[in-house]
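J.: Below is the structure I would like to discuss, written out as structure tokens.
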Amino acid sequence: MADSVTEQADPPSTPDVESDATSDVASEPQTESQTESAPEVEIDIDFEVLCPRVEAALLTSDRAMTAGRLAEALELGVSGPVKKAIERLNTAYQETGRSFRIEEVAGGYSVMTLPQYADVLLALKRGKSNARLSPAALETLSIIAYKQPVLRADIEAIRGVACGETLRSLMERHLVKITGRAEEIGRPMLYGTTKQFLEVFGLANLKDLPAVENSGVAG
């Protein structure tokens, strides 16, 4: 069934009038009725067609996609219908008991498995040790996530051990990046998390991190 989405139409242009008799006459001020906004134009959107197209785009993307990027890929021009399609898809997923939803992650949208099915994913990934973070890497990443931008010296002071190799490993995985330099002697580098960090851990932004008192990170 097609729904309608409205957009503001451009006001009709006024043709040029070439006349010696009127060329020197000042234009009259517009009345209030003349300056009213132009009528809205309705655009029919068939969500029975759009929803599976949005779903296909998200399922085949390995990164979160913004509504604007999806609209561009689907040649819509506006992102409103995309957001409405995502709402409809999530409603359908819930009503049919599907194991996933389309969630807002890292400023975009991505298909995410529900938490109660984490054990299934864990079983599939078991044995792929190269894809897992070591306890040292997770601890270092946690410190950076909660205290960024943070100096390497501060990370090492909290952990009590050197973390050069761990930092390098996290940067190779594109979970950590250099965000700048501190305004102190030697201008040491500051570290922070990346957009991929948000995607990997299913966070829309850093505000979604668990409360510090429950994080296990020392203050």
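Each chain in the structure tokens gets a letter, A, B and so on, in the order shown; residues start at 1 in every chain, and ligands are counted from 1 in the order they appear.
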Give me the residues near A:Ala204 as a PyMOL selection string, where near means some atom within 10 Å (using only C-alpha atoms) and where sequence neighbours in that chain fewer than 3 positions away do not count.
T.: chain A and resi 103-109+195+198-199+201+207-209
J.: Quick one: write out the picked residues with N, CA and C atoms as a PDB file, in the first residue's frame?
T.:
```
ATOM      1  N   GLU A 103      19.127  -1.516  14.367  1.00  0.00           N
ATOM      2  CA  GLU A 103      19.446  -0.610  15.463  1.00  0.00           C
ATOM      3  C   GLU A 103      20.295   0.556  14.965  1.00  0.00           C
ATOM      4  N   GLU A 104      20.191   1.676  15.688  1.00  0.00           N
ATOM      5  CA  GLU A 104      21.026   2.840  15.377  1.00  0.00           C
ATOM      6  C   GLU A 104      22.380   2.632  16.029  1.00  0.00           C
ATOM      7  N   VAL A 105      23.414   2.573  15.212  1.00  0.00           N
ATOM      8  CA  VAL A 105      24.763   2.285  15.686  1.00  0.00           C
ATOM      9  C   VAL A 105      25.746   3.239  15.026  1.00  0.00           C
ATOM     10  N   ALA A 106      26.576   3.900  15.847  1.00  0.00           N
ATOM     11  CA  ALA A 106      27.644   4.760  15.332  1.00  0.00           C
ATOM     12  C   ALA A 106      27.135   5.784  14.323  1.00  0.00           C
ATOM     13  N   GLY A 107      25.970   6.353  14.593  1.00  0.00           N
ATOM     14  CA  GLY A 107      25.434   7.377  13.713  1.00  0.00           C
ATOM     15  C   GLY A 107      24.688   6.864  12.502  1.00  0.00           C
ATOM     16  N   GLY A 108      24.592   5.543  12.358  1.00  0.00           N
ATOM     17  CA  GLY A 108      23.884   4.965  11.220  1.00  0.00           C
ATOM     18  C   GLY A 108      22.997   3.823  11.677  1.00  0.00           C
ATOM     19  N   TYR A 109      22.589   2.979  10.733  1.00  0.00           N
ATOM     20  CA  TYR A 109      21.725   1.842  11.041  1.00  0.00           C
ATOM     21  C   TYR A 109      22.403   0.542  10.633  1.00  0.00           C
ATOM     22  N   LYS A 195      35.104   4.968  15.389  1.00  0.00           N
ATOM     23  CA  LYS A 195      33.726   4.666  15.011  1.00  0.00           C
ATOM     24  C   LYS A 195      33.526   3.153  14.931  1.00  0.00           C
ATOM     25  N   LEU A 198      32.484   1.601  18.162  1.00  0.00           N
ATOM     26  CA  LEU A 198      31.046   1.683  18.422  1.00  0.00           C
ATOM     27  C   LEU A 198      30.300   0.584  17.681  1.00  0.00           C
ATOM     28  N   GLU A 199      30.694   0.333  16.437  1.00  0.00           N
ATOM     29  CA  GLU A 199      30.020  -0.686  15.636  1.00  0.00           C
ATOM     30  C   GLU A 199      30.230  -2.078  16.222  1.00  0.00           C
ATOM     31  N   PHE A 201      30.873  -2.989  19.270  1.00  0.00           N
ATOM     32  CA  PHE A 201      30.220  -3.203  20.563  1.00  0.00           C
ATOM     33  C   PHE A 201      28.749  -2.793  20.542  1.00  0.00           C
ATOM     34  N   LYS A 207      27.841   7.635  25.035  1.00  0.00           N
ATOM     35  CA  LYS A 207      26.913   7.763  26.157  1.00  0.00           C
ATOM     36  C   LYS A 207      26.241   6.433  26.483  1.00  0.00           C
ATOM     37  N   ASP A 208      26.297   5.486  25.550  1.00  0.00           N
ATOM     38  CA  ASP A 208      25.682   4.178  25.764  1.00  0.00           C
ATOM     39  C   ASP A 208      26.574   3.214  26.541  1.00  0.00           C
ATOM     40  N   LEU A 209      27.793   3.661  26.871  1.00  0.00           N
ATOM     41  CA  LEU A 209      28.671   2.809  27.699  1.00  0.00           C
ATOM     42  C   LEU A 209      28.022   2.576  29.060  1.00  0.00           C
TER      43      LEU A 209
END
```
J.: Determine which residues of stretch 27-188 of chain A DSSP labels as strand (DSSP E or B) from the backbone of this structure, then write them out as an MDAnalysis selection string.
T.: chainID A and resid 40:46 65 100:105 108:113 150:151 176:181
J.: For atom CA of A:Leu170 and atom CA of A:Leu141, determine how far apart the two atoms are, in Å to one decimal place.
T.: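 Atom CA of A:Leu141 lies at a distance of 7.6 Å from atom CA of A:Leu170.
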